[in-house]
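Below is one structure, written out as structure tokens, with a few remarks after it.
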Amino acid sequence: MKRNLLLILIIFPSCLNLIFPKEIRGETYRFYYDKAIEKSDKGLHLEAINFFNKAIELKPNLWPAINNRGLDKFLMGDLQGAISDFSKTLEIKPSYANAFYYRGWAKDLNQDYKGAIKDLNSAIEIDEDIADYYFVLGNSYFKSGDLKSACSSWNKATNSSGMIYENIVDDAKTMLKVCK
């Protein structure tokens, strides 16, 4: 009797996976998405990407998961993977300014300055008061050899009220020194 009970206790949990779908076991896209955000917030980018993958597997057009997976790839230095995820985000949600911004930044770091400038200008068309957009745009112009446009963008960064990164206005003021 004890042996049969022990056998049931060992085998039963693994059978649950076969009997009940993921949704009943609590493994919804939201479960994986929340776990991914938790991992990402802790700087555990590879783990976050794995959880985002599971969320996206359950809900393929979950653009926040695709975009955030792109951010984690970006932070790990996988620029091509990040660009791909930001592009997919924009296919689903074409008016999402942050996807243009991060894709533009990734292109800038990948030395695709023309593509970066295009994406960053698209982000600005959607939301024109984010200092970060102008700052990275200025960097892209500068790297492409267009000092006049770089200075104009950095100047706009110092006069914008919205920020993603806390020190961005100070960084823009520092870069403006090359304009004098």
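In the structure tokens, each chain is lettered A, B, ... as it comes, each chain's residues begin at 1, and ligands are numbered from 1 in order of appearance.
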Polymer residues at most 7 Å from Ala172 (chain A), only C-alpha atoms, same-chain spacing of 6 or more positions, as a list in words: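 Result of the neighbour search: Phe135, Trp154, Ala157 and Thr158 of chain A.
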Surrounding residues of Leu75 (chain A) excluding itself and chain neighbours under 3 positions, 10 Å, only C-alpha atoms, as a ChimeraX atom specification: /A:40,43,45,69-72,78-79,82,106
Give me the residues near Glu91 (chain A) as a VMD selection string, where near means some atom within 12 Å (using only C-alpha atoms) and where sequence neighbours in that chain fewer than 6 positions away do not count. chain A and resid 61 to 63 66 to 67 84 to 85 99 to 100
Could those selected residues go to a file with N, CA and C atoms, as a CSV table (one decimal), in the first residue's frame?
chain,number,residue,atom,x,y,z
A,61,ASN,N,2.4,37.8,-30.8
A,61,ASN,CA,2.4,39.2,-31.1
A,61,ASN,C,2.4,40.1,-29.8
A,62,LEU,N,3.0,39.5,-28.8
A,62,LEU,CA,3.1,40.3,-27.5
A,62,LEU,C,4.2,41.3,-27.6
A,63,TRP,N,3.9,42.4,-28.2
A,63,TRP,CA,5.0,43.4,-28.6
A,63,TRP,C,5.8,43.9,-27.4
A,66,ILE,N,8.5,41.3,-26.9
A,66,ILE,CA,9.4,41.4,-28.0
A,66,ILE,C,10.4,42.6,-27.8
A,67,ASN,N,9.8,43.7,-27.5
A,67,ASN,CA,10.6,44.9,-27.3
A,67,ASN,C,11.5,44.8,-26.1
A,84,SER,N,16.6,43.3,-34.6
A,84,SER,CA,15.6,42.4,-35.1
A,84,SER,C,14.3,42.5,-34.2
A,85,ASP,N,14.5,42.5,-32.9
A,85,ASP,CA,13.4,42.5,-32.0
A,85,ASP,C,12.7,43.9,-32.1
A,99,ALA,N,10.8,52.0,-29.5
A,99,ALA,CA,11.4,50.9,-30.4
A,99,ALA,C,12.2,51.6,-31.4
A,100,PHE,N,11.8,52.7,-32.0
A,100,PHE,CA,12.6,53.5,-32.9
A,100,PHE,C,13.9,54.0,-32.3
Give me, as a list in words, all polymer residues having an atom no more than 8 Å from Ile164 (chain A), counting only C-alpha atoms and skipping those fewer than 5 positions away in the same chain.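 Final neighbour list, sorted by chain and number: Ile130, Ala131 and Asp132 of chain A.
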Please write the residues from the selection above to a file, keeping C-alpha atoms, as a short mmCIF file (atom, residue, chain, number, x, y, z; two decimals), in the first residue's frame.
data_model
loop_
_atom_site.label_atom_id
_atom_site.label_comp_id
_atom_site.auth_asym_id
_atom_site.auth_seq_id
_atom_site.Cartn_x
_atom_site.Cartn_y
_atom_site.Cartn_z
CA ILE A 130 12.52 63.25 -24.99
CA ALA A 131 16.08 64.46 -24.43
CA ASP A 132 17.55 61.00 -24.98
#
Out of chain A, which residues get alpha helix (DSSP H) from DSSP, as number ranges by chain? A: 2-19, 29-41, 45-58, 63-75, 79-92, 97-109, 113-126, 131-144, 147-158, 168-176
At most 12 Å is the cut-off: for each residue in region 137-178 of chain A with any atom that close to an atom of region 112-117 of chain A, write down the nearest atom pair and the distance in Å rounded to one decimal, counting only C-alpha atoms, chain first then increasing number, as a tab-separated table.
residue	atom	partner	partner_atom	distance
A:Leu137	CA	A:Ile117	CA	6.0
A:Gly138	CA	A:Ile117	CA	8.8
A:Asn139	CA	A:Tyr113	CA	9.1
A:Ser140	CA	A:Tyr113	CA	5.5
A:Tyr141	CA	A:Ile117	CA	7.1
A:Phe142	CA	A:Tyr113	CA	9.3
A:Lys143	CA	A:Tyr113	CA	7.3
A:Ser144	CA	A:Tyr113	CA	6.1
A:Gly145	CA	A:Tyr113	CA	9.9
A:Asp146	CA	A:Tyr113	CA	10.7
A:Ser149	CA	A:Ile117	CA	10.5
A:Ala150	CA	A:Ile117	CA	10.6
A:Ser153	CA	A:Ile117	CA	10.9
For Pro94 (chain A), which residue among A:Leu147, A:Cys179, A:Met76, A:Ile126 is the nearest when counting only C-alpha atoms?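 So, comparing all the options, the nearest one is A:Ile126.
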